[in-house]
Amino acid sequence: MDKDPLILKGKGVYKSFGGLQALADVQFEVHAGEIFAVIGPNGAGKTTLFNVISGVDRDFIGEVVFDTQPISHLPSHVISRRGMARTFQNVRLFKNLSVLENVMVGCHGWASPGYVRTVFRLKRSRKEERTIKEHAAGMLKFVGLEGRAEEDVESLPLGEQKLLEMARALAAKPRLLLLDEPGAGLNDAEMEMLKSIIFKIRDQKITQLIVEHNMKLIMSVSDEIMVLNFGTKIAEGKPSDIVRDEKVIEVYLGKEKGFA
Ligand SMILES: Nc1ncnc2c1ncn2[C@@H]1O[C@H](COP(=O)(O)OP(=O)(O)O)[C@@H](O)[C@H]1O
Ligand SMILES: [Mg+2]
């Protein structure tokens, strides 16, 4: 069967921080609908790559194409309006807003201009407010946080804050979702929940790029895995190929991690 068309492509991506080469000649092709994992030891360049793709870091060399449009060096809000959303390795939530309000913020890409900015201060269209609240509540339910809507963000444990960030990213109705270590801080039950959420997102035809250290999760959800080490791609393939790849085994066993 032919693969779906490309939704994301990177070519010759280089990024340095002073003398440190964080990414060196990285290329990748992600097909629409795919779950594409990026793995590698700490410091491999995974978050840097997400920052480059999402426009959080615009100071890099190389080309990134989203759908058929070049997006290299565009600001992140422009890229997000084109249908890309992400979460952060270190969660970035608004601590002064409730759980539900944080998800409502994610709706700003499709709600009428300025609406979300003023939603907490001015009386606007009741209908629009209801639409946004219902959509946000639906996203909370999607990640299993429906009972938490009115709580303070800080009262949530880290695992639930990560799920909340996913709900906020999904509220933007993206076609491409980047998840940076969604499993960090999750307990076993939440990890199972995360796995089913990832599959539910795929069922909605949203393409996912996932950076994650939990190999059990990565091996069971990914269609394709790219492995970075010191900013360089050392392997790419299906999970069954990656577990057998000598370079990958060396990198992981060298750090006494392995794939167990
Ligand atoms: N803002 C920054 N300034 C300087 N060095 C950075 C910065 N961000 C990342 N790095 C360095 O770039 C490399 C890649 O980091 P990162 O992309 O965060 O790795 P990963 O997400 O794979 O753990 C690391 O050596 C890290 O120390
Ligand atoms: Mg990282």
# chains A, B, ... in the order shown; residues from 1 in each chain; ligands from 1

$ closest_atom_pairs --of "chain A" --to "ligand 1" --cutoff "7 Å" --atoms "only C-alpha atoms and all ligand atoms" --output "Markdown table"
| residue | atom | partner | partner_atom_place_in_ligand_line | distance |
| --- | --- | --- | --- | --- |
| A:Phe17 | CA | ligand 1 | 4 (C) | 5.0 |
| A:Leu20 | CA | ligand 1 | 12 (O) | 6.9 |
| A:Ala22 | CA | ligand 1 | 12 (O) | 4.5 |
| A:Gly40 | CA | ligand 1 | 22 (O) | 6.2 |
| A:Pro41 | CA | ligand 1 | 22 (O) | 6.2 |
| A:Asn42 | CA | ligand 1 | 23 (O) | 3.6 |
| A:Gly43 | CA | ligand 1 | 19 (O) | 3.4 |
| A:Ala44 | CA | ligand 1 | 22 (O) | 3.7 |
| A:Gly45 | CA | ligand 1 | 17 (O) | 3.3 |
| A:Lys46 | CA | ligand 1 | 22 (O) | 3.7 |
| A:Thr47 | CA | ligand 1 | 21 (O) | 3.7 |
| A:Thr48 | CA | ligand 1 | 17 (O) | 3.6 |
| A:Leu49 | CA | ligand 1 | 17 (O) | 6.4 |
| A:Gly231 | CA | ligand 1 | 14 (C) | 6.9 |

$ write_last_selection --atoms "N, CA and C atoms" --output "PDB file, in the first residue's frame"
ATOM      1  N   PHE A  17      24.659  26.137  19.232  1.00  0.00           N
ATOM      2  CA  PHE A  17      24.650  27.081  20.349  1.00  0.00           C
ATOM      3  C   PHE A  17      26.109  27.404  20.620  1.00  0.00           C
ATOM      4  N   LEU A  20      28.671  24.605  20.280  1.00  0.00           N
ATOM      5  CA  LEU A  20      28.032  23.295  20.405  1.00  0.00           C
ATOM      6  C   LEU A  20      27.078  23.028  19.241  1.00  0.00           C
ATOM      7  N   ALA A  22      24.119  21.382  18.083  1.00  0.00           N
ATOM      8  CA  ALA A  22      22.953  20.679  18.652  1.00  0.00           C
ATOM      9  C   ALA A  22      22.228  19.853  17.601  1.00  0.00           C
ATOM     10  N   GLY A  40      16.511   9.362  21.577  1.00  0.00           N
ATOM     11  CA  GLY A  40      17.948   9.582  21.705  1.00  0.00           C
ATOM     12  C   GLY A  40      18.254  10.012  23.121  1.00  0.00           C
ATOM     13  N   PRO A  41      19.511   9.861  23.530  1.00  0.00           N
ATOM     14  CA  PRO A  41      19.896  10.207  24.904  1.00  0.00           C
ATOM     15  C   PRO A  41      19.663  11.687  25.214  1.00  0.00           C
ATOM     16  N   ASN A  42      19.698  12.044  26.477  1.00  0.00           N
ATOM     17  CA  ASN A  42      19.593  13.453  26.864  1.00  0.00           C
ATOM     18  C   ASN A  42      20.662  14.265  26.148  1.00  0.00           C
ATOM     19  N   GLY A  43      20.264  15.420  25.636  1.00  0.00           N
ATOM     20  CA  GLY A  43      21.219  16.283  24.947  1.00  0.00           C
ATOM     21  C   GLY A  43      21.391  15.945  23.479  1.00  0.00           C
ATOM     22  N   ALA A  44      20.613  14.977  22.966  1.00  0.00           N
ATOM     23  CA  ALA A  44      20.763  14.538  21.572  1.00  0.00           C
ATOM     24  C   ALA A  44      20.286  15.586  20.575  1.00  0.00           C
ATOM     25  N   GLY A  45      19.427  16.511  21.030  1.00  0.00           N
ATOM     26  CA  GLY A  45      18.928  17.550  20.120  1.00  0.00           C
ATOM     27  C   GLY A  45      17.436  17.432  19.823  1.00  0.00           C
ATOM     28  N   LYS A  46      16.734  16.582  20.545  1.00  0.00           N
ATOM     29  CA  LYS A  46      15.314  16.316  20.269  1.00  0.00           C
ATOM     30  C   LYS A  46      14.452  17.568  20.488  1.00  0.00           C
ATOM     31  N   THR A  47      14.617  18.206  21.640  1.00  0.00           N
ATOM     32  CA  THR A  47      13.827  19.409  21.915  1.00  0.00           C
ATOM     33  C   THR A  47      14.221  20.537  20.970  1.00  0.00           C
ATOM     34  N   THR A  48      15.514  20.631  20.686  1.00  0.00           N
ATOM     35  CA  THR A  48      15.980  21.649  19.736  1.00  0.00           C
ATOM     36  C   THR A  48      15.300  21.454  18.380  1.00  0.00           C
ATOM     37  N   LEU A  49      15.181  20.199  17.943  1.00  0.00           N
ATOM     38  CA  LEU A  49      14.513  19.913  16.675  1.00  0.00           C
ATOM     39  C   LEU A  49      13.045  20.358  16.720  1.00  0.00           C
ATOM     40  N   GLY A 231      23.126  15.338  18.091  1.00  0.00           N
ATOM     41  CA  GLY A 231      22.661  16.183  16.999  1.00  0.00           C
ATOM     42  C   GLY A 231      22.628  15.548  15.628  1.00  0.00           C
TER      43      GLY A 231
END

$ residues_around --residues "Gly12 (chain A)" --least-positions-apart "6" --cutoff "8 Å" --atoms "only C-alpha atoms" --output "PDB file with N, CA, C and O atoms, in the first residue's frame"
ATOM      1  N   ALA A  24      22.945  18.529  13.377  1.00  0.00           N
ATOM      2  CA  ALA A  24      23.865  18.557  12.246  1.00  0.00           C
ATOM      3  C   ALA A  24      23.305  17.747  11.081  1.00  0.00           C
ATOM      4  O   ALA A  24      23.176  16.534  11.166  1.00  0.00           O
ATOM      5  N   ASP A  25      22.925  18.457  10.031  1.00  0.00           N
ATOM      6  CA  ASP A  25      22.431  17.838   8.803  1.00  0.00           C
ATOM      7  C   ASP A  25      21.312  16.820   9.064  1.00  0.00           C
ATOM      8  O   ASP A  25      21.363  15.697   8.567  1.00  0.00           O
ATOM      9  N   VAL A  26      20.331  17.230   9.815  1.00  0.00           N
ATOM     10  CA  VAL A  26      19.211  16.323  10.122  1.00  0.00           C
ATOM     11  C   VAL A  26      18.168  16.405   9.006  1.00  0.00           C
ATOM     12  O   VAL A  26      17.798  17.494   8.563  1.00  0.00           O
ATOM     13  N   GLN A  27      17.746  15.259   8.513  1.00  0.00           N
ATOM     14  CA  GLN A  27      16.665  15.203   7.538  1.00  0.00           C
ATOM     15  C   GLN A  27      15.602  14.229   8.013  1.00  0.00           C
ATOM     16  O   GLN A  27      15.908  13.241   8.661  1.00  0.00           O
ATOM     17  N   ILE A  61      19.917  26.763  10.446  1.00  0.00           N
ATOM     18  CA  ILE A  61      20.141  26.614   9.005  1.00  0.00           C
ATOM     19  C   ILE A  61      19.350  25.403   8.541  1.00  0.00           C
ATOM     20  O   ILE A  61      19.282  24.394   9.256  1.00  0.00           O
ATOM     21  N   GLY A  62      18.745  25.514   7.371  1.00  0.00           N
ATOM     22  CA  GLY A  62      18.046  24.360   6.820  1.00  0.00           C
ATOM     23  C   GLY A  62      16.639  24.688   6.401  1.00  0.00           C
ATOM     24  O   GLY A  62      16.194  25.840   6.476  1.00  0.00           O
ATOM     25  N   GLU A  63      15.939  23.640   5.947  1.00  0.00           N
ATOM     26  CA  GLU A  63      14.624  23.836   5.356  1.00  0.00           C
ATOM     27  C   GLU A  63      13.601  22.943   6.047  1.00  0.00           C
ATOM     28  O   GLU A  63      13.850  21.752   6.253  1.00  0.00           O
TER      29      GLU A  63
END

$ residues_around --residues "Ile197 (chain A)" --least-positions-apart "2" --cutoff "10 Å" --atoms "only C-alpha atoms" --output "PyMOL selection string"
chain A and resi 142-144+163+166+191-195+199-203

$ atom_distance --atom1 "CA of Val153 (chain A)" --atom2 "CA of Lys141 (chain A)"
16.0 Å

$ residues_around --residues "region 213-228 of chain A" --least-positions-apart "2" --cutoff "9 Å" --atoms "only C-alpha atoms" --output "PyMOL selection string"
chain A and resi 23+26+28+30+34-41+44-46+181+183-184+191-192+194-195+198-199+210-211+230-240+242-243+248+258-260

$ atom_distance --atom1 "CA of Ala172 (chain A)" --atom2 "CA of Asn90 (chain A)"
19.6 Å

$ residues_around --residues "Leu74 (chain A)" --least-positions-apart "5" --cutoff "8 Å" --atoms "only C-alpha atoms" --output "PyMOL selection string"
chain A and resi 55+58+79

$ write_last_selection --atoms "all heavy atoms" --output "short mmCIF file (atom, residue, chain, number, x, y, z; two decimals), in the first residue's frame"
data_model
loop_
_atom_site.label_atom_id
_atom_site.label_comp_id
_atom_site.auth_asym_id
_atom_site.auth_seq_id
_atom_site.Cartn_x
_atom_site.Cartn_y
_atom_site.Cartn_z
N GLY A 55 8.96 26.76 15.15
CA GLY A 55 9.20 28.20 15.07
C GLY A 55 9.55 28.85 16.40
O GLY A 55 9.67 30.07 16.48
N ARG A 58 14.08 30.23 15.70
CA ARG A 58 14.11 30.61 14.28
C ARG A 58 15.52 30.81 13.76
O ARG A 58 15.71 31.10 12.58
CB ARG A 58 13.29 31.89 14.09
CG ARG A 58 11.83 31.67 14.48
CD ARG A 58 11.10 32.98 14.66
NE ARG A 58 11.01 33.72 13.41
CZ ARG A 58 10.58 34.98 13.33
NH1 ARG A 58 10.24 35.64 14.42
NH2 ARG A 58 10.52 35.58 12.16
N ILE A 79 3.06 29.57 12.31
CA ILE A 79 3.09 28.12 12.09
C ILE A 79 1.91 27.46 12.78
O ILE A 79 1.26 26.57 12.23
CB ILE A 79 4.44 27.54 12.57
CG1 ILE A 79 5.57 28.09 11.69
CG2 ILE A 79 4.42 26.01 12.53
CD1 ILE A 79 6.97 27.70 12.14
#

$ closest_residue --among "A:Val91, A:Leu177, A:Ala32, A:Leu8" --to "ligand 2" --atoms "only C-alpha atoms and all ligand atoms"
A:Val91

$ residues_around --residues "Asp2 (chain A)" --least-positions-apart "3" --cutoff "12 Å" --atoms "only C-alpha atoms" --output "tab-separated table (two decimals) with all heavy atoms, in the first residue's frame"
chain	number	residue	atom	x	y	z
A	5	PRO	N	0.57	11.05	1.77
A	5	PRO	CA	1.50	12.12	1.39
A	5	PRO	C	2.29	12.66	2.58
A	5	PRO	O	1.88	12.48	3.73
A	5	PRO	CB	0.58	13.20	0.82
A	5	PRO	CG	-0.78	12.85	1.24
A	5	PRO	CD	-0.81	11.38	1.52
A	6	LEU	N	3.38	13.35	2.26
A	6	LEU	CA	4.19	13.93	3.33
A	6	LEU	C	3.45	15.10	3.96
A	6	LEU	O	2.86	15.91	3.26
A	6	LEU	CB	5.52	14.45	2.77
A	6	LEU	CG	6.51	13.42	2.25
A	6	LEU	CD1	7.79	14.11	1.81
A	6	LEU	CD2	6.80	12.36	3.30
A	31	HIS	N	4.97	11.18	7.17
A	31	HIS	CA	3.77	11.00	6.35
A	31	HIS	C	2.51	11.34	7.15
A	31	HIS	O	2.46	11.12	8.36
A	31	HIS	CB	3.69	9.56	5.83
A	31	HIS	CG	4.80	9.24	4.88
A	31	HIS	ND1	4.66	9.34	3.52
A	31	HIS	CD2	6.08	8.84	5.11
A	31	HIS	CE1	5.82	9.03	2.93
A	31	HIS	NE2	6.70	8.72	3.88
A	32	ALA	N	1.51	11.84	6.45
A	32	ALA	CA	0.25	12.22	7.10
A	32	ALA	C	-0.35	11.02	7.82
A	32	ALA	O	-0.38	9.91	7.28
A	32	ALA	CB	-0.72	12.77	6.08

$ residues_around --residues "region 126-138 of chain A" --least-positions-apart "6" --cutoff "8 Å" --atoms "only C-alpha atoms" --output "PDB file with N, CA and C atoms, in the first residue's frame"
ATOM      1  N   LEU A 100      -9.695  24.524  32.990  1.00  0.00           N
ATOM      2  CA  LEU A 100     -10.519  24.719  31.786  1.00  0.00           C
ATOM      3  C   LEU A 100     -10.071  25.951  31.003  1.00  0.00           C
ATOM      4  N   VAL A 103      -7.218  25.405  28.724  1.00  0.00           N
ATOM      5  CA  VAL A 103      -7.569  24.741  27.462  1.00  0.00           C
ATOM      6  C   VAL A 103      -8.248  25.746  26.524  1.00  0.00           C
ATOM      7  N   MET A 104      -9.037  26.655  27.112  1.00  0.00           N
ATOM      8  CA  MET A 104      -9.708  27.675  26.281  1.00  0.00           C
ATOM      9  C   MET A 104      -8.686  28.541  25.547  1.00  0.00           C
ATOM     10  N   CYS A 107      -7.776  27.562  22.123  1.00  0.00           N
ATOM     11  CA  CYS A 107      -8.755  27.764  21.043  1.00  0.00           C
ATOM     12  C   CYS A 107      -8.488  29.032  20.243  1.00  0.00           C
ATOM     13  N   ALA A 111     -10.974  30.636  17.225  1.00  0.00           N
ATOM     14  CA  ALA A 111     -12.019  31.514  17.742  1.00  0.00           C
ATOM     15  C   ALA A 111     -11.829  32.894  17.107  1.00  0.00           C
ATOM     16  N   VAL A 119     -11.450  37.270  26.741  1.00  0.00           N
ATOM     17  CA  VAL A 119     -12.533  36.437  27.262  1.00  0.00           C
ATOM     18  C   VAL A 119     -12.709  36.553  28.770  1.00  0.00           C
ATOM     19  N   GLU A 146     -11.795  15.564  32.889  1.00  0.00           N
ATOM     20  CA  GLU A 146     -13.072  16.289  32.908  1.00  0.00           C
ATOM     21  C   GLU A 146     -13.506  16.712  34.309  1.00  0.00           C
ATOM     22  N   ALA A 149     -11.914  20.566  35.790  1.00  0.00           N
ATOM     23  CA  ALA A 149     -12.061  21.831  35.043  1.00  0.00           C
ATOM     24  C   ALA A 149     -11.861  23.090  35.881  1.00  0.00           C
ATOM     25  N   ALA A 167      -4.298  18.592  26.076  1.00  0.00           N
ATOM     26  CA  ALA A 167      -5.664  19.065  25.804  1.00  0.00           C
ATOM     27  C   ALA A 167      -5.622  20.468  25.201  1.00  0.00           C
ATOM     28  N   ARG A 168      -4.754  21.318  25.745  1.00  0.00           N
ATOM     29  CA  ARG A 168      -4.656  22.679  25.219  1.00  0.00           C
ATOM     30  C   ARG A 168      -4.158  22.674  23.769  1.00  0.00           C
ATOM     31  N   ALA A 171      -6.873  21.545  21.504  1.00  0.00           N
ATOM     32  CA  ALA A 171      -7.960  22.529  21.386  1.00  0.00           C
ATOM     33  C   ALA A 171      -7.763  23.431  20.176  1.00  0.00           C
TER      34      ALA A 171
END

$ select_by_dssp --residues "region 131-258 of chain A" --states "alpha helix (DSSP H)" --output "count of residues only"
62
